[in-house]
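This report refers to the structure that appears directly beneath it.
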Amino acid sequence: MAKVVYRKSGRRAAYPLVVVGALFLFGGALLNLFWPKRTRIELENRSTARFPAFSLASMESGNWQNSFSTWMQDQFMLRDQWINTQRAVDEILFQKVEEGGILLGKDHWMFTKLFTLDTTTQKQLQKNVQAVTEFSAKYPGKVTFLLAPSASVIYPEELPSGAPMIDENAMLDEIFSQVGQNASVLDLRQAFTERKDEYLYFKTDHHWTPNGAYHAYEEFCALKGLTPFDREAHTAETIEDFQGTHYSATRLWNVQNDSITYYPMENAMTIFQVNGEAQYEPLRTENLINTEKFATRDKYAAFLDGNNGYSVVEGNGTGSILVVKDSYANSFIPYLTENYAKIGVVDFRNFKYGLDSTIAQEGYDEILILYNFQTFIADTNLIYISRPSTIQ
């Protein structure tokens, strides 16, 4: 009999908990329904998923449900705060040294994880080396190849203990050996190692700092016999509280924000719409540093106003140079205004043609290919560099 009374009491005691739980879930769902919706997630530098258009076919296939789930994940109330809390728990309680493909190093450093190269990346690397080598052979004495080392090569002591990074030094040696048969190679490892106490790379981002870019530029000038831009003769500006792509991936709870120091310049840059091979239509002319973007989350995009397919910068020097690049070159190119009168800039993410016709039409005297190692090994667009001209 006592057991019967005990069970009834247990059921009665459980009912309020069930009701409270149901109210909590229903209330949370209702609140989330009316929570302000956003079109962009600034911390991740991307647009949110769109609310899916409904159809019976998409419902039957399950596509609508999947798209709705993705939309809900992006619009969940206090989403950023929940993710930040979860990441802090991972790092403090569980001592995780990796988040979102980023290694959490010592002294607030963050590094791109690169332990192995899959078969696809190995094949792409071979294609890219071949494309650059073949392109350089067509322009003997004109091409300089600058492949920036990863921050982990210059600061290996800051990596998590025992992190089995690939042997980037051996890979750089091999790449330089092959490309160096037809191009001048600029290897920054010694110069950067000697200056490693300086601020060469961002801790929260995958780029080098403008200071790192300047020292790379100094090495370029030494190779070319040019007089470098004199930083002492110009006044620098510093932008504080930069949190880059590595922070967006990790949400490191005790992040040490970066800063961006740059030199204001009056040089104009014309950004072109690429309508075809060597067919360019001017879109706009602006300063080569778009200072308005320093007020946004993607502050590094201020340099060259991002990654445009083809643009031309007006310099203060003589002659011309075409820079084929990834985003590492964006903070490097402003210094070239000291030495060249015309600086063409090509980013193959938005430029799907070979370069022969552009070089001939625009009369470029020199070519600089500037990438960072981790972009170079996997970039599927760089093979366009050796595509032959279709213009007779």
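Residues in the structure tokens are named by chain (A, B, ... in the order shown) and by number from 1 within that chain; ligands are numbered from 1 in the order shown.
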
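By chain and then residue number, the residues within 9 Å of range 111-118 of chain A are Glu98, Gly101, Ile102, Leu103, Leu104, Gly105, Trp109, Thr120, Thr121, Gln122, Lys123, Ser150, Ala151, Ser152, Leu159, Ala163, Pro164, Met165, Ile166, Asp167, Lys203, Thr204, Asp205, His206, His246 and Gln374 of chain A, counting only C-alpha atoms and disregarding those fewer than 2 positions away in sequence.
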
Could you pull the residues within 12 Å of Asp230 in chain A, counting only C-alpha atoms, minus those fewer than 2 positions along the same chain, as an mmCIF file with N, CA and C atoms, in the first residue's frame?
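In the end it all went to out10.cif:
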```cif
data_model
loop_
_atom_site.group_PDB
_atom_site.id
_atom_site.type_symbol
_atom_site.label_atom_id
_atom_site.label_comp_id
_atom_site.auth_asym_id
_atom_site.auth_seq_id
_atom_site.Cartn_x
_atom_site.Cartn_y
_atom_site.Cartn_z
ATOM 1 N N TYR A 214 55.675 45.471 -44.825
ATOM 2 C CA TYR A 214 56.725 46.452 -45.136
ATOM 3 C C TYR A 214 58.095 45.790 -45.200
ATOM 4 N N HIS A 215 58.377 44.899 -44.261
ATOM 5 C CA HIS A 215 59.687 44.237 -44.283
ATOM 6 C C HIS A 215 59.813 43.305 -45.492
ATOM 7 N N TYR A 217 58.407 44.048 -48.331
ATOM 8 C CA TYR A 217 58.633 45.068 -49.364
ATOM 9 C C TYR A 217 60.094 45.527 -49.366
ATOM 10 N N GLU A 218 60.682 45.685 -48.183
ATOM 11 C CA GLU A 218 62.103 46.055 -48.109
ATOM 12 C C GLU A 218 62.972 45.009 -48.810
ATOM 13 N N LEU A 226 65.906 49.041 -55.507
ATOM 14 C CA LEU A 226 65.024 50.196 -55.361
ATOM 15 C C LEU A 226 65.181 50.826 -53.980
ATOM 16 N N THR A 227 64.851 52.097 -53.875
ATOM 17 C CA THR A 227 64.867 52.790 -52.591
ATOM 18 C C THR A 227 63.498 52.629 -51.931
ATOM 19 N N PRO A 228 63.426 52.055 -50.731
ATOM 20 C CA PRO A 228 62.129 51.788 -50.117
ATOM 21 C C PRO A 228 61.395 53.050 -49.674
ATOM 22 N N GLU A 232 59.838 56.855 -41.911
ATOM 23 C CA GLU A 232 60.156 57.945 -40.981
ATOM 24 C C GLU A 232 59.686 59.299 -41.508
ATOM 25 N N ALA A 233 59.492 59.399 -42.811
ATOM 26 C CA ALA A 233 59.078 60.669 -43.404
ATOM 27 C C ALA A 233 57.557 60.805 -43.473
ATOM 28 N N HIS A 234 56.832 59.810 -42.960
ATOM 29 C CA HIS A 234 55.378 59.836 -43.016
ATOM 30 C C HIS A 234 54.785 59.591 -41.627
ATOM 31 N N THR A 235 53.592 60.059 -41.423
ATOM 32 C CA THR A 235 52.901 59.898 -40.147
ATOM 33 C C THR A 235 51.955 58.709 -40.223
ATOM 34 N N ALA A 236 52.100 57.795 -39.288
ATOM 35 C CA ALA A 236 51.286 56.582 -39.283
ATOM 36 C C ALA A 236 49.992 56.795 -38.508
ATOM 37 N N TYR A 263 49.868 53.847 -43.259
ATOM 38 C CA TYR A 263 50.292 55.181 -43.656
ATOM 39 C C TYR A 263 49.290 55.752 -44.657
ATOM 40 N N TYR A 335 52.952 50.332 -50.529
ATOM 41 C CA TYR A 335 54.349 50.760 -50.477
ATOM 42 C C TYR A 335 54.963 50.869 -51.883
ATOM 43 N N LEU A 336 54.459 50.081 -52.831
ATOM 44 C CA LEU A 336 55.007 50.104 -54.188
ATOM 45 C C LEU A 336 54.764 51.438 -54.888
ATOM 46 N N THR A 337 53.859 52.257 -54.367
ATOM 47 C CA THR A 337 53.609 53.563 -54.994
ATOM 48 C C THR A 337 54.847 54.453 -54.953
ATOM 49 N N GLU A 338 55.765 54.140 -54.061
ATOM 50 C CA GLU A 338 57.014 54.907 -53.974
ATOM 51 C C GLU A 338 57.903 54.664 -55.179
ATOM 52 N N ASN A 339 57.747 53.497 -55.819
ATOM 53 C CA ASN A 339 58.717 53.064 -56.820
ATOM 54 C C ASN A 339 58.190 52.979 -58.242
#
```

message = Need to verify the contact set: Gln181 in chain A, 9 Å, only C-alpha atoms, exclusion of same-chain residues closer than 6 positions in sequence. Can you return it as a PyMOL selection string?
response = chain A and resi 133+136-137

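Using only C-alpha atoms, the protein and nucleic acid residues lying no more than 9 Å from range 173-179 of chain A, apart from those fewer than 4 places from it along its own chain, are Val129, Gln130, Val132, Thr133, Glu134, Ser136, Phe145, Leu147, Glu168, Asn169, Ala183, Ser184, Val185, Leu186 and Asp187 of chain A.
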
When you look at range 299-312 of chain A with a cut-off of 7 Å (counting only C-alpha atoms), what residues show up, excluding the ones that are within fewer than 6 positions of it in the same chain? I need them as an mmCIF file with N, CA and C atoms, in the first residue's frame.
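Contents of the output file selection_4.cif:
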```cif
data_model
loop_
_atom_site.group_PDB
_atom_site.id
_atom_site.type_symbol
_atom_site.label_atom_id
_atom_site.label_comp_id
_atom_site.auth_asym_id
_atom_site.auth_seq_id
_atom_site.Cartn_x
_atom_site.Cartn_y
_atom_site.Cartn_z
ATOM 1 N N PHE A 242 41.291 45.145 -33.569
ATOM 2 C CA PHE A 242 41.043 44.300 -34.735
ATOM 3 C C PHE A 242 40.967 42.849 -34.292
ATOM 4 N N MET A 269 43.161 54.713 -56.940
ATOM 5 C CA MET A 269 43.055 53.359 -57.486
ATOM 6 C C MET A 269 41.750 53.266 -58.273
ATOM 7 N N THR A 270 41.835 52.756 -59.488
ATOM 8 C CA THR A 270 40.646 52.537 -60.298
ATOM 9 C C THR A 270 40.326 51.050 -60.313
ATOM 10 N N ILE A 271 39.118 50.721 -59.916
ATOM 11 C CA ILE A 271 38.648 49.330 -59.913
ATOM 12 C C ILE A 271 37.836 49.113 -61.184
ATOM 13 N N PHE A 272 38.153 48.041 -61.893
ATOM 14 C CA PHE A 272 37.523 47.764 -63.183
ATOM 15 C C PHE A 272 36.583 46.564 -63.100
ATOM 16 N N VAL A 274 35.588 43.378 -65.095
ATOM 17 C CA VAL A 274 36.231 42.545 -66.110
ATOM 18 C C VAL A 274 35.144 41.951 -66.997
ATOM 19 N N LEU A 288 43.461 54.165 -52.523
ATOM 20 C CA LEU A 288 43.842 52.759 -52.454
ATOM 21 C C LEU A 288 43.661 52.166 -51.056
ATOM 22 N N ILE A 289 43.395 52.999 -50.048
ATOM 23 C CA ILE A 289 43.032 52.513 -48.718
ATOM 24 C C ILE A 289 41.658 53.084 -48.382
ATOM 25 N N ASN A 290 40.676 52.214 -48.319
ATOM 26 C CA ASN A 290 39.306 52.637 -48.026
ATOM 27 C C ASN A 290 39.133 52.702 -46.506
ATOM 28 N N THR A 291 39.371 53.868 -45.937
ATOM 29 C CA THR A 291 39.390 54.015 -44.474
ATOM 30 C C THR A 291 38.029 53.756 -43.836
ATOM 31 N N LYS A 293 36.304 51.207 -44.142
ATOM 32 C CA LYS A 293 36.253 49.809 -43.724
ATOM 33 C C LYS A 293 36.976 49.559 -42.406
ATOM 34 N N SER A 327 45.313 37.938 -50.789
ATOM 35 C CA SER A 327 45.089 39.118 -49.947
ATOM 36 C C SER A 327 46.306 39.548 -49.138
ATOM 37 N N ASN A 330 47.577 42.868 -50.310
ATOM 38 C CA ASN A 330 46.769 44.082 -50.152
ATOM 39 C C ASN A 330 47.446 45.131 -49.282
ATOM 40 N N SER A 331 48.134 44.700 -48.226
ATOM 41 C CA SER A 331 48.829 45.657 -47.357
ATOM 42 C C SER A 331 50.264 45.906 -47.819
ATOM 43 N N LYS A 342 52.759 53.018 -62.271
ATOM 44 C CA LYS A 342 51.515 52.281 -62.514
ATOM 45 C C LYS A 342 51.637 50.887 -61.910
ATOM 46 N N ILE A 343 50.637 50.530 -61.089
ATOM 47 C CA ILE A 343 50.635 49.221 -60.436
ATOM 48 C C ILE A 343 49.322 48.532 -60.769
ATOM 49 N N GLY A 344 49.386 47.519 -61.628
ATOM 50 C CA GLY A 344 48.206 46.719 -61.930
ATOM 51 C C GLY A 344 48.061 45.610 -60.911
ATOM 52 N N VAL A 345 46.834 45.277 -60.593
ATOM 53 C CA VAL A 345 46.578 44.263 -59.564
ATOM 54 C C VAL A 345 45.552 43.264 -60.089
ATOM 55 N N VAL A 346 45.911 41.984 -60.073
ATOM 56 C CA VAL A 346 45.013 40.920 -60.518
ATOM 57 C C VAL A 346 44.798 39.940 -59.371
ATOM 58 N N ASP A 347 43.523 39.636 -59.118
ATOM 59 C CA ASP A 347 43.160 38.602 -58.146
ATOM 60 C C ASP A 347 42.307 37.585 -58.887
ATOM 61 N N PHE A 348 42.819 36.379 -59.037
ATOM 62 C CA PHE A 348 42.160 35.382 -59.872
ATOM 63 C C PHE A 348 40.836 34.885 -59.312
ATOM 64 N N ARG A 349 40.505 35.244 -58.094
ATOM 65 C CA ARG A 349 39.178 34.895 -57.590
ATOM 66 C C ARG A 349 38.088 35.580 -58.404
ATOM 67 N N ASN A 350 38.437 36.719 -58.999
ATOM 68 C CA ASN A 350 37.467 37.482 -59.789
ATOM 69 C C ASN A 350 38.034 37.871 -61.154
ATOM 70 N N PHE A 351 38.915 37.008 -61.672
ATOM 71 C CA PHE A 351 39.585 37.270 -62.951
ATOM 72 C C PHE A 351 39.874 35.910 -63.576
#
```

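CA of Ser248 in chain A is positioned 9.0 Å from CA of Gly100 in chain A.
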
inquiry  = So the first atom is CA of Ile369 in chain A and the second is CA of Met171 in chain A; what is the distance between them in Å, to one decimal place?
reply    = 17.8 Å

message = What's the separation between CA of Asn287 in chain A and CA of Leu322 in chain A, in Å to one decimal place?
response = 18.5 Å

task = List every residue of range 143-385 of chain A that DSSP, applied to the backbone of this structure, places in helix (DSSP H, G or I), and write the result as number ranges by chain.
result = A: 151-154, 156-158, 168-179, 189-194, 210-224, 231-233, 245-250, 291-295, 299-302, 327-331, 333-336, 348-350, 356-362, 373-376, 382-385

ask   = Within 9 Å of Glu366 in chain A, counting only C-alpha atoms, which residues qualify if same-chain residues fewer than 2 places away don't, as a PyMOL selection string?
value = chain A and resi 139+141-144+319-323+364+368

inquiry  = Residues within 9 Å of Thr261 in chain A, please, as number ranges by chain. Count only C-alpha atoms; anything in the same chain fewer than 2 positions from it doesn't count.
reply    = A: 209-211, 236-240, 259, 263

Any chance you can output those residues with C-alpha atoms as an mmCIF file, in the first residue's frame?
```
data_model
loop_
_atom_site.group_PDB
_atom_site.id
_atom_site.type_symbol
_atom_site.label_atom_id
_atom_site.label_comp_id
_atom_site.auth_asym_id
_atom_site.auth_seq_id
_atom_site.Cartn_x
_atom_site.Cartn_y
_atom_site.Cartn_z
ATOM 1 C CA THR A 209 50.584 42.894 -40.382
ATOM 2 C CA PRO A 210 51.362 46.015 -42.440
ATOM 3 C CA ASN A 211 54.705 45.964 -40.612
ATOM 4 C CA ALA A 236 51.286 56.582 -39.283
ATOM 5 C CA GLU A 237 47.723 55.967 -38.151
ATOM 6 C CA THR A 238 46.772 53.074 -35.864
ATOM 7 C CA ILE A 239 43.421 51.271 -35.745
ATOM 8 C CA GLU A 240 42.804 49.381 -32.520
ATOM 9 C CA SER A 259 45.998 46.650 -34.120
ATOM 10 C CA TYR A 263 50.292 55.181 -43.656
#
```
